[in-house]
Amino acid sequence: MRYDKVAVAKAMPLTYAVHASAQPVLADDLDSTIPASLRSWLVRLRLLEGVPFANLVADTELLPAESMRWFYLDRRWTDALVQGALSVGTVNSDDRTHLAAQYDAIRDELDSEERNHRRPEGSARFGGKVDAVSGFILRSEAVSGWPGLHVRAFSVDPAESDDATYLETDPRRMRLLRLERLAPAVLFCLFDGIPKVVHVEEPRQGVQFGFHMRPAAGGGVAARLFPRDKNTFGYLNVDGDAITGPEDRDDGFDVPFRVGSPGVVDIQRIEEMFKANAATRNATGAVDGLDAAEYALQLIRFPYRQVFGADESIKLLDAFRATIAYSTYASTAFTFGGN
């Protein structure tokens, strides 16, 4: 094939220039101190992604089973983490001097980018910057049992009832900077700010059946069933006092299990207990025998929501009540003098 070398030489620079200008320019990169990919990596590092668990929890005794630890994130520590990561690219003293001069601009840029780390794709960017970061580490069977736990943080205590839902756009909600399972039973969470109230709730994507579990008198746990009216779905007053439902420990029935088969519910005995009680005989439908739908109605469990926050209406003596004197505990639990 014959071609004109002069024509090709003249066309090549212009052709290359056209291709170069056609490369997309990200809006996030405008007036940026660092590239978008590096900025994203530093933001994740600031949110402690990739930090070994041993550096988050120094000792396993600090996070025993079924425990929750709240904390504030020291921003000076994360700033030093970023500086250490950037220092890997320095070779001589001039590089380090130039990098140190950029620290303030990099820190301000990362402060703004942290808030947009979990921003839905295509939505408008959030303004401002993250000032304080708080969070918690939860180690519980609830994390492994319900991998899709919902976590919501609020700047004020919502006044709605327990069955209320809260949209992402609700101005009372605080943004989540990170929500991740570090292990099957360990949940790590970071908030944009310091919340007043935090909701941790079981996922609502499915129907659950079960009973209310409570500590048994002789140790272990016991199952409790609180019957509901089949028409109104409200809790029935079984023991005749003014309080009904799971909040009343004396109400309801102890769940019977089959003899020789622990954990297997004896559904016939449940029906007999309902028939023998005047409050549940007709209201549950047990008077003519419980069918499958009526059994399911009694066993439905709504998603459980645990609320954490400072309730100013609770008195200190009501929230914390000593059950054993310190002198009594010290005399039995501690020994002195090397004995």
# chains A, B, ... in the order shown; residues from 1 in each chain; ligands from 1
call {"tool": "residues_around", "arguments": {"residues": "segment 56-68 of chain A", "least_positions_apart": "4", "cutoff": "8 Å", "atoms": "only C-alpha atoms", "output": "VMD selection string"}}
result
chain A and resid 51 to 52 136 to 141
call {"tool": "residues_around", "arguments": {"residues": "segment 203-208 of chain A", "least_positions_apart": "5", "cutoff": "8 Å", "atoms": "only C-alpha atoms", "output": "list of chain:residue names"}}
result
A:Trp146, A:Gly148, A:Leu149, A:His150, A:Ile300, A:Arg301, A:Phe302, A:Pro303
call {"tool": "select_by_dssp", "arguments": {"residues": "segment 210-312 of chain A", "states": "strand (DSSP E or B)", "output": "ChimeraX atom specification"}}
result
/A:212-215,221-225,228,235,253-254,257,265,300-301,305-309
call {"tool": "residues_around", "arguments": {"residues": "segment 228-242 of chain A", "least_positions_apart": "2", "cutoff": "8 Å", "atoms": "only C-alpha atoms", "output": "number ranges by chain"}}
result
A: 226, 244-245, 250-252, 277, 279-280, 283-285, 294, 297-298
call {"tool": "write_last_selection", "arguments": {"atoms": "C-alpha atoms", "output": "PDB file, in the first residue's frame"}}
result
ATOM      1  CA  PHE A 226     -48.255 -13.301  74.245  1.00  0.00           C
ATOM      2  CA  THR A 244     -50.697  -6.529  78.462  1.00  0.00           C
ATOM      3  CA  GLY A 245     -48.116  -7.432  75.875  1.00  0.00           C
ATOM      4  CA  ASP A 250     -46.252 -11.765  84.215  1.00  0.00           C
ATOM      5  CA  ASP A 251     -48.593 -11.801  81.234  1.00  0.00           C
ATOM      6  CA  GLY A 252     -48.739 -14.419  78.475  1.00  0.00           C
ATOM      7  CA  ASN A 277     -58.233 -19.095  79.442  1.00  0.00           C
ATOM      8  CA  ALA A 279     -59.509 -14.047  77.546  1.00  0.00           C
ATOM      9  CA  THR A 280     -58.099 -16.189  74.737  1.00  0.00           C
ATOM     10  CA  ALA A 283     -60.502 -14.009  70.746  1.00  0.00           C
ATOM     11  CA  THR A 284     -57.820 -16.306  69.313  1.00  0.00           C
ATOM     12  CA  GLY A 285     -60.243 -18.736  67.658  1.00  0.00           C
ATOM     13  CA  GLU A 294     -54.577 -18.587  63.372  1.00  0.00           C
ATOM     14  CA  LEU A 297     -51.154 -14.966  63.487  1.00  0.00           C
ATOM     15  CA  GLN A 298     -50.025 -15.749  67.037  1.00  0.00           C
TER      16      GLN A 298
END
call {"tool": "residues_around", "arguments": {"residues": "Thr33 of chain A", "least_positions_apart": "4", "cutoff": "8 Å", "atoms": "only C-alpha atoms", "output": "PDB file with N, CA, C and O atoms, in the first residue's frame"}}
result
ATOM      1  N   ALA A 105      -4.395  21.713  52.201  1.00  0.00           N
ATOM      2  CA  ALA A 105      -5.334  21.644  51.081  1.00  0.00           C
ATOM      3  C   ALA A 105      -5.869  20.229  50.904  1.00  0.00           C
ATOM      4  O   ALA A 105      -7.068  20.029  50.637  1.00  0.00           O
ATOM      5  N   ILE A 106      -5.011  19.229  51.084  1.00  0.00           N
ATOM      6  CA  ILE A 106      -5.450  17.842  50.963  1.00  0.00           C
ATOM      7  C   ILE A 106      -6.448  17.499  52.060  1.00  0.00           C
ATOM      8  O   ILE A 106      -7.477  16.856  51.821  1.00  0.00           O
ATOM      9  N   GLU A 109      -9.840  18.987  51.339  1.00  0.00           N
ATOM     10  CA  GLU A 109     -10.500  18.289  50.240  1.00  0.00           C
ATOM     11  C   GLU A 109     -11.064  16.948  50.694  1.00  0.00           C
ATOM     12  O   GLU A 109     -12.179  16.562  50.313  1.00  0.00           O
TER      13      GLU A 109
END
call {"tool": "select_by_dssp", "arguments": {"residues": "segment 88-301 of chain A", "states": "alpha helix (DSSP H)", "output": "ChimeraX atom specification"}}
result
/A:93-114,141-145,267-276,278-281,292-299
call {"tool": "closest_residue", "arguments": {"among": "A:Ala36, A:Leu225, A:Ala292, A:Val307", "to": "Ile270 of chain A", "atoms": "only C-alpha atoms"}}
result
A:Leu225
call {"tool": "residues_around", "arguments": {"residues": "Val265 of chain A", "least_positions_apart": "6", "cutoff": "8 Å", "atoms": "only C-alpha atoms", "output": "mmCIF file with N, CA, C and O atoms, in the first residue's frame"}}
result
data_model
loop_
_atom_site.group_PDB
_atom_site.id
_atom_site.type_symbol
_atom_site.label_atom_id
_atom_site.label_comp_id
_atom_site.auth_asym_id
_atom_site.auth_seq_id
_atom_site.Cartn_x
_atom_site.Cartn_y
_atom_site.Cartn_z
ATOM 1 N N VAL A 255 -44.132 -21.126 76.778
ATOM 2 C CA VAL A 255 -44.264 -21.981 75.604
ATOM 3 C C VAL A 255 -43.961 -23.428 75.990
ATOM 4 O O VAL A 255 -42.886 -23.725 76.515
ATOM 5 N N PRO A 256 -44.890 -24.349 75.734
ATOM 6 C CA PRO A 256 -44.636 -25.767 76.058
ATOM 7 C C PRO A 256 -43.854 -26.456 74.946
ATOM 8 O O PRO A 256 -44.049 -26.171 73.757
ATOM 9 N N PHE A 257 -42.959 -27.338 75.335
ATOM 10 C CA PHE A 257 -42.177 -28.109 74.368
ATOM 11 C C PHE A 257 -42.493 -29.597 74.534
ATOM 12 O O PHE A 257 -42.919 -30.044 75.605
ATOM 13 N N ARG A 258 -42.277 -30.342 73.482
ATOM 14 C CA ARG A 258 -42.567 -31.768 73.519
ATOM 15 C C ARG A 258 -41.609 -32.485 74.464
ATOM 16 O O ARG A 258 -40.427 -32.151 74.555
#
